[in-house]
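K.L.:
Below you'll find the structure I mean.
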Amino acid sequence: MEDCRRAAELESRIFGGDAWTEEDFRESLCCDYAVYVVARDGDEDRLTACAGVRNMCGDGDITNVMVDEAYRRRGIAEHLLRYLMKEGEAIGVRNFTLEVRRSNIPAIRLYEKLGFVSEGVRPGFYDAPKEDAFIFWKRETDRV
Ligand SMILES: CC(C)(COP(=O)(O)OP(=O)(O)OC[C@H]1O[C@@H](n2cnc3c(N)ncnc32)[C@H](O)[C@@H]1OP(=O)(O)O)[C@@H](O)C(=O)NCCC(=O)NCCS
């Protein structure tokens, strides 16, 4: 709960108009079917990354994947998502899914590295700018 304000600030810096507010994060944390994880820079006590998952009957919808620009390409997102998926499994998630902008190559490469597979496209899913979303899944049956 104490990270909600800084998570919202990070969202705003990264996603601008589409950003979740502090209230959105607080509401999500009240659900027992959601898990959120954050990374901090211990030296600066600064929130550097965040990701969440919501369990819908065994399907985990991953949201709010973001890393502060100054901390990218250090393996933080990969580490955070692996940890998030373990925590998700602990609350009953068997299959993980997420949407990503068609042009978001860093995120697409990240999800592919983690074993996610694109199973479809939602045309015009995103606004400002309008863009298609790839729908990625990492299914229980794909895991060893
Ligand atoms: C996508 C994002 C979360 C990646 O965070 P990160 O901490 O820099 O990623 P990592 O360092 O953990 O990288 C893990 C893997 O992701 C891929 N990757 C990450 N950034 C990449 C880039 N700029 N170009 C290509 N591949 C990239 C690589 O496969 C990388 O593995 P490698 O280092 O062995 O090559 C970050 O760029 C970000 O916050 N972007 C803006 C918000 C966003 O788009 N979120 C996703 C919404 S769906």
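Residue numbering restarts at 1 in every chain; chains get A, B, ... in the order shown in the structure tokens, and ligands count up from 1 in that same order.
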At a cut-off of 7 Å around ligand 1, and using only C-alpha atoms and all ligand atoms, what residues come up? Please write them as a ChimeraX atom specification.

P.N.:
/A:14,64-69,71-79,99-101,104-107,109-110,113

K.L.:
So that I can check the surroundings of segment 26-28 of chain A, please list as a ChimeraX atom specification every protein, DNA and RNA residue that reaches within 12 Å of it, counting only C-alpha atoms and ignoring chain neighbours fewer than 2 positions away.

P.N.:
/A:1-8,20-24,30-36,51-55,63-64

K.L.:
With the cut-off set at 12 Å and counting only C-alpha atoms, tabulate each residue of segment 2-101 of chain A with an atom at most that distance from an atom of segment 123-140 of chain A, showing the nearest atom pair and its distance in Å to one decimal, ordered by chain and increasing number, as a Markdown table.

P.N.:
```
| residue | atom | partner | partner_atom | distance |
| --- | --- | --- | --- | --- |
| A:Phe15 | CA | A:Ala128 | CA | 10.4 |
| A:Gly16 | CA | A:Ala128 | CA | 9.9 |
| A:Gly17 | CA | A:Ala128 | CA | 8.4 |
| A:Asp18 | CA | A:Asp127 | CA | 8.6 |
| A:Gly58 | CA | A:Glu140 | CA | 9.9 |
| A:Asp59 | CA | A:Arg139 | CA | 8.9 |
| A:Gly60 | CA | A:Trp137 | CA | 9.5 |
| A:Asp61 | CA | A:Trp137 | CA | 9.5 |
| A:Ile62 | CA | A:Trp137 | CA | 10.0 |
| A:Arg82 | CA | A:Lys138 | CA | 11.9 |
| A:Met85 | CA | A:Lys138 | CA | 10.1 |
| A:Glu89 | CA | A:Glu140 | CA | 10.0 |
| A:Gly92 | CA | A:Glu140 | CA | 11.4 |
| A:Val93 | CA | A:Glu140 | CA | 9.0 |
| A:Arg94 | CA | A:Glu140 | CA | 5.4 |
| A:Asn95 | CA | A:Arg139 | CA | 4.4 |
| A:Phe96 | CA | A:Lys138 | CA | 5.1 |
| A:Thr97 | CA | A:Trp137 | CA | 4.4 |
| A:Leu98 | CA | A:Phe136 | CA | 5.4 |
| A:Glu99 | CA | A:Ile135 | CA | 4.7 |
| A:Val100 | CA | A:Ala133 | CA | 5.2 |
| A:Arg101 | CA | A:Ala133 | CA | 4.7 |
```

K.L.:
Could you save the residues just selected, with C-alpha atoms, as a PDB file, in the first residue's frame?

P.N.:
```
ATOM      1  CA  PHE A  15       2.274   5.706 -19.944  1.00  0.00           C
ATOM      2  CA  GLY A  16       1.111   9.353 -19.739  1.00  0.00           C
ATOM      3  CA  GLY A  17      -2.646   9.705 -20.267  1.00  0.00           C
ATOM      4  CA  ASP A  18      -3.331   5.952 -19.932  1.00  0.00           C
ATOM      5  CA  GLY A  58      -7.031 -19.742 -13.147  1.00  0.00           C
ATOM      6  CA  ASP A  59      -6.163 -17.291 -15.924  1.00  0.00           C
ATOM      7  CA  GLY A  60      -3.785 -14.584 -14.707  1.00  0.00           C
ATOM      8  CA  ASP A  61      -4.101 -11.226 -16.436  1.00  0.00           C
ATOM      9  CA  ILE A  62      -0.709  -9.498 -16.163  1.00  0.00           C
ATOM     10  CA  ARG A  82       9.462 -14.599 -12.964  1.00  0.00           C
ATOM     11  CA  MET A  85       4.400 -15.663 -11.904  1.00  0.00           C
ATOM     12  CA  GLU A  89       0.746 -19.645  -9.094  1.00  0.00           C
ATOM     13  CA  GLY A  92      -4.090 -20.381  -8.222  1.00  0.00           C
ATOM     14  CA  VAL A  93      -3.057 -18.955 -11.584  1.00  0.00           C
ATOM     15  CA  ARG A  94      -2.377 -21.699 -14.125  1.00  0.00           C
ATOM     16  CA  ASN A  95      -2.223 -19.715 -17.389  1.00  0.00           C
ATOM     17  CA  PHE A  96      -0.832 -16.200 -17.791  1.00  0.00           C
ATOM     18  CA  THR A  97      -1.978 -13.695 -20.396  1.00  0.00           C
ATOM     19  CA  LEU A  98      -1.324 -10.059 -21.324  1.00  0.00           C
ATOM     20  CA  GLU A  99      -1.749  -7.544 -24.123  1.00  0.00           C
ATOM     21  CA  VAL A 100       1.071  -5.595 -25.710  1.00  0.00           C
ATOM     22  CA  ARG A 101       1.232  -2.926 -28.392  1.00  0.00           C
TER      23      ARG A 101
END
```

K.L.:
Rounded to one decimal place, report the atom CA of Arg102 of chain A-atom CA of Gly115 of chain A distance in Å.

P.N.:
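These two atoms are separated by 17.5 Å.
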
K.L.:
Assign secondary structure with DSSP using the backbone only, and return the residues of chain A in alpha helix (DSSP H) as number ranges by chain.

P.N.:
A: 4-15, 22-29, 76-90, 105-113

K.L.:
For the selection you just gave me, I'd like the residues written to a file as a CSV table (one decimal), in the first residue's frame, keeping N, CA and C atoms.

P.N.:
```
chain,number,residue,atom,x,y,z
A,4,CYS,N,1.9,2.7,-3.5
A,4,CYS,CA,0.9,3.0,-4.5
A,4,CYS,C,1.1,4.4,-5.1
A,5,ARG,N,1.5,5.4,-4.3
A,5,ARG,CA,1.7,6.7,-4.9
A,5,ARG,C,2.9,6.7,-5.9
A,6,ARG,N,4.0,6.0,-5.5
A,6,ARG,CA,5.2,6.0,-6.3
A,6,ARG,C,4.9,5.1,-7.6
A,7,ALA,N,4.1,4.1,-7.4
A,7,ALA,CA,3.8,3.3,-8.6
A,7,ALA,C,3.0,4.1,-9.6
A,8,ALA,N,2.0,4.9,-9.1
A,8,ALA,CA,1.2,5.8,-10.0
A,8,ALA,C,2.1,6.8,-10.6
A,9,GLU,N,3.1,7.4,-9.9
A,9,GLU,CA,4.0,8.4,-10.5
A,9,GLU,C,4.8,7.7,-11.6
A,10,LEU,N,5.3,6.5,-11.4
A,10,LEU,CA,6.0,5.8,-12.4
A,10,LEU,C,5.2,5.5,-13.6
A,11,GLU,N,3.9,5.1,-13.4
A,11,GLU,CA,3.0,4.9,-14.5
A,11,GLU,C,2.8,6.1,-15.3
A,12,SER,N,2.6,7.2,-14.6
A,12,SER,CA,2.3,8.5,-15.3
A,12,SER,C,3.5,8.9,-16.2
A,13,ARG,N,4.7,8.7,-15.6
A,13,ARG,CA,5.9,9.1,-16.4
A,13,ARG,C,6.0,8.2,-17.7
A,14,ILE,N,5.6,6.9,-17.5
A,14,ILE,CA,5.9,6.0,-18.6
A,14,ILE,C,4.7,5.9,-19.6
A,15,PHE,N,3.4,5.9,-19.1
A,15,PHE,CA,2.3,5.7,-19.9
A,15,PHE,C,1.5,7.0,-20.2
A,22,GLU,N,-3.2,6.5,-8.3
A,22,GLU,CA,-2.9,5.9,-7.0
A,22,GLU,C,-4.1,5.1,-6.5
A,23,GLU,N,-5.3,5.6,-6.7
A,23,GLU,CA,-6.5,5.0,-6.3
A,23,GLU,C,-6.7,3.7,-7.0
A,24,ASP,N,-6.4,3.6,-8.3
A,24,ASP,CA,-6.5,2.4,-9.1
A,24,ASP,C,-5.6,1.3,-8.4
A,25,PHE,N,-4.4,1.7,-8.1
A,25,PHE,CA,-3.5,0.7,-7.4
A,25,PHE,C,-4.1,0.2,-6.1
A,26,ARG,N,-4.6,1.2,-5.3
A,26,ARG,CA,-5.1,0.8,-4.0
A,26,ARG,C,-6.3,-0.1,-4.1
A,27,GLU,N,-7.2,0.2,-5.0
A,27,GLU,CA,-8.3,-0.7,-5.2
A,27,GLU,C,-7.9,-2.1,-5.6
A,28,SER,N,-6.9,-2.2,-6.5
A,28,SER,CA,-6.4,-3.5,-7.0
A,28,SER,C,-5.8,-4.3,-5.8
A,29,LEU,N,-5.1,-3.6,-4.9
A,29,LEU,CA,-4.5,-4.3,-3.8
A,29,LEU,C,-5.5,-4.8,-2.8
A,76,ILE,N,15.8,-6.4,-14.7
A,76,ILE,CA,14.8,-6.2,-13.6
A,76,ILE,C,13.4,-6.7,-14.0
A,77,ALA,N,13.0,-6.4,-15.2
A,77,ALA,CA,11.6,-6.9,-15.6
A,77,ALA,C,11.6,-8.4,-15.7
A,78,GLU,N,12.6,-9.0,-16.2
A,78,GLU,CA,12.7,-10.5,-16.3
A,78,GLU,C,12.6,-11.1,-14.9
A,79,HIS,N,13.4,-10.6,-14.0
A,79,HIS,CA,13.4,-11.1,-12.6
A,79,HIS,C,12.0,-10.9,-12.0
A,80,LEU,N,11.5,-9.7,-12.1
A,80,LEU,CA,10.2,-9.3,-11.5
A,80,LEU,C,9.1,-10.2,-12.0
A,81,LEU,N,9.1,-10.4,-13.3
A,81,LEU,CA,8.0,-11.2,-13.9
A,81,LEU,C,8.1,-12.7,-13.5
A,82,ARG,N,9.3,-13.2,-13.4
A,82,ARG,CA,9.5,-14.6,-13.0
A,82,ARG,C,8.9,-14.7,-11.5
A,83,TYR,N,9.3,-13.7,-10.7
A,83,TYR,CA,8.8,-13.7,-9.3
A,83,TYR,C,7.3,-13.6,-9.3
A,84,LEU,N,6.8,-12.7,-10.1
A,84,LEU,CA,5.3,-12.4,-10.1
A,84,LEU,C,4.6,-13.7,-10.5
A,85,MET,N,5.1,-14.4,-11.5
A,85,MET,CA,4.4,-15.7,-11.9
A,85,MET,C,4.4,-16.7,-10.8
A,86,LYS,N,5.5,-16.8,-10.0
A,86,LYS,CA,5.5,-17.7,-8.9
A,86,LYS,C,4.5,-17.3,-7.9
A,87,GLU,N,4.4,-16.0,-7.6
A,87,GLU,CA,3.4,-15.5,-6.6
A,87,GLU,C,2.0,-15.8,-7.2
A,88,GLY,N,1.8,-15.6,-8.5
A,88,GLY,CA,0.5,-15.9,-9.1
A,88,GLY,C,0.1,-17.3,-9.0
A,89,GLU,N,1.1,-18.2,-9.2
A,89,GLU,CA,0.7,-19.6,-9.1
A,89,GLU,C,0.3,-20.0,-7.7
A,90,ALA,N,0.9,-19.2,-6.7
A,90,ALA,CA,0.5,-19.5,-5.3
A,90,ALA,C,-0.9,-19.1,-5.0
A,105,ILE,N,8.5,-3.5,-29.2
A,105,ILE,CA,9.5,-4.5,-29.4
A,105,ILE,C,10.2,-4.9,-28.1
A,106,PRO,N,10.7,-4.0,-27.2
A,106,PRO,CA,11.3,-4.4,-26.0
A,106,PRO,C,10.4,-5.3,-25.2
A,107,ALA,N,9.1,-5.0,-25.0
A,107,ALA,CA,8.2,-5.8,-24.2
A,107,ALA,C,7.9,-7.2,-24.9
A,108,ILE,N,7.8,-7.1,-26.2
A,108,ILE,CA,7.5,-8.4,-26.9
A,108,ILE,C,8.7,-9.3,-26.8
A,109,ARG,N,9.9,-8.8,-26.9
A,109,ARG,CA,11.1,-9.7,-26.7
A,109,ARG,C,11.2,-10.2,-25.3
A,110,LEU,N,10.8,-9.4,-24.3
A,110,LEU,CA,10.8,-9.8,-22.9
A,110,LEU,C,9.8,-11.0,-22.7
A,111,TYR,N,8.6,-10.8,-23.2
A,111,TYR,CA,7.6,-11.9,-23.0
A,111,TYR,C,8.0,-13.2,-23.8
A,112,GLU,N,8.5,-13.0,-25.0
A,112,GLU,CA,9.0,-14.2,-25.7
A,112,GLU,C,10.1,-14.9,-24.9
A,113,LYS,N,11.0,-14.1,-24.4
A,113,LYS,CA,12.1,-14.7,-23.6
A,113,LYS,C,11.5,-15.5,-22.4
```

K.L.:
Can you tell me how far atom CA of Cys57 of chain A sits from atom CA of Val38 of chain A, in Å to one decimal?

P.N.:
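It comes out at 24.1 Å.
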
K.L.:
Atom CA of Val117 of chain A and atom CA of Ala39 of chain A, how far apart in Å?

P.N.:
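The value is 25.5 Å.
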
K.L.:
From the DSSP assignment of the backbone, select every residue of segment 35-133 of chain A that is strand (DSSP E or B), and format the answer as a PyMOL selection string.

P.N.:
chain A and resi 35-41+46-56+59-67+95-101+117-126+131-133

K.L.:
Those residues you just picked out, can you put them in a file as a tab-separated table (two decimals), in the first residue's frame with C-alpha atoms?

P.N.:
```tsv
chain	number	residue	atom	x	y	z
A	35	VAL	CA	-0.76	-9.78	-6.59
A	36	TYR	CA	1.52	-6.82	-7.21
A	37	VAL	CA	5.31	-6.79	-6.98
A	38	VAL	CA	7.71	-3.87	-7.04
A	39	ALA	CA	11.48	-3.38	-7.27
A	40	ARG	CA	13.33	-0.75	-5.29
A	41	ASP	CA	16.76	0.76	-5.54
A	46	ARG	CA	13.34	4.56	-5.05
A	47	LEU	CA	10.60	2.48	-6.71
A	48	THR	CA	12.15	1.32	-9.98
A	49	ALA	CA	9.69	-1.23	-11.35
A	50	CYS	CA	6.26	-2.74	-10.90
A	51	ALA	CA	4.06	-5.53	-12.25
A	52	GLY	CA	0.78	-7.12	-11.26
A	53	VAL	CA	-1.43	-10.10	-11.99
A	54	ARG	CA	-5.15	-10.66	-11.45
A	55	ASN	CA	-6.43	-14.21	-11.19
A	56	MET	CA	-9.63	-14.83	-13.17
A	59	ASP	CA	-6.16	-17.29	-15.92
A	60	GLY	CA	-3.79	-14.58	-14.71
A	61	ASP	CA	-4.10	-11.23	-16.44
A	62	ILE	CA	-0.71	-9.50	-16.16
A	63	THR	CA	-0.83	-5.69	-16.04
A	64	ASN	CA	1.25	-2.63	-15.16
A	65	VAL	CA	4.59	-4.04	-16.34
A	66	MET	CA	7.01	-1.11	-16.18
A	67	VAL	CA	10.60	-0.30	-15.36
A	95	ASN	CA	-2.22	-19.72	-17.39
A	96	PHE	CA	-0.83	-16.20	-17.79
A	97	THR	CA	-1.98	-13.69	-20.40
A	98	LEU	CA	-1.32	-10.06	-21.32
A	99	GLU	CA	-1.75	-7.54	-24.12
A	100	VAL	CA	1.07	-5.60	-25.71
A	101	ARG	CA	1.23	-2.93	-28.39
A	117	VAL	CA	3.43	-16.97	-27.26
A	118	SER	CA	1.26	-14.62	-29.32
A	119	GLU	CA	-2.12	-16.28	-29.93
A	120	GLY	CA	-3.98	-13.43	-31.58
A	121	VAL	CA	-4.50	-9.75	-32.27
A	122	ARG	CA	-7.07	-7.31	-30.85
A	123	PRO	CA	-7.48	-4.74	-33.64
A	124	GLY	CA	-7.34	-1.11	-32.45
A	125	PHE	CA	-7.17	-2.16	-28.79
A	126	TYR	CA	-5.01	0.81	-27.75
A	131	GLU	CA	-2.80	0.51	-32.31
A	132	ASP	CA	-3.45	-3.23	-32.37
A	133	ALA	CA	-2.58	-5.42	-29.39
```
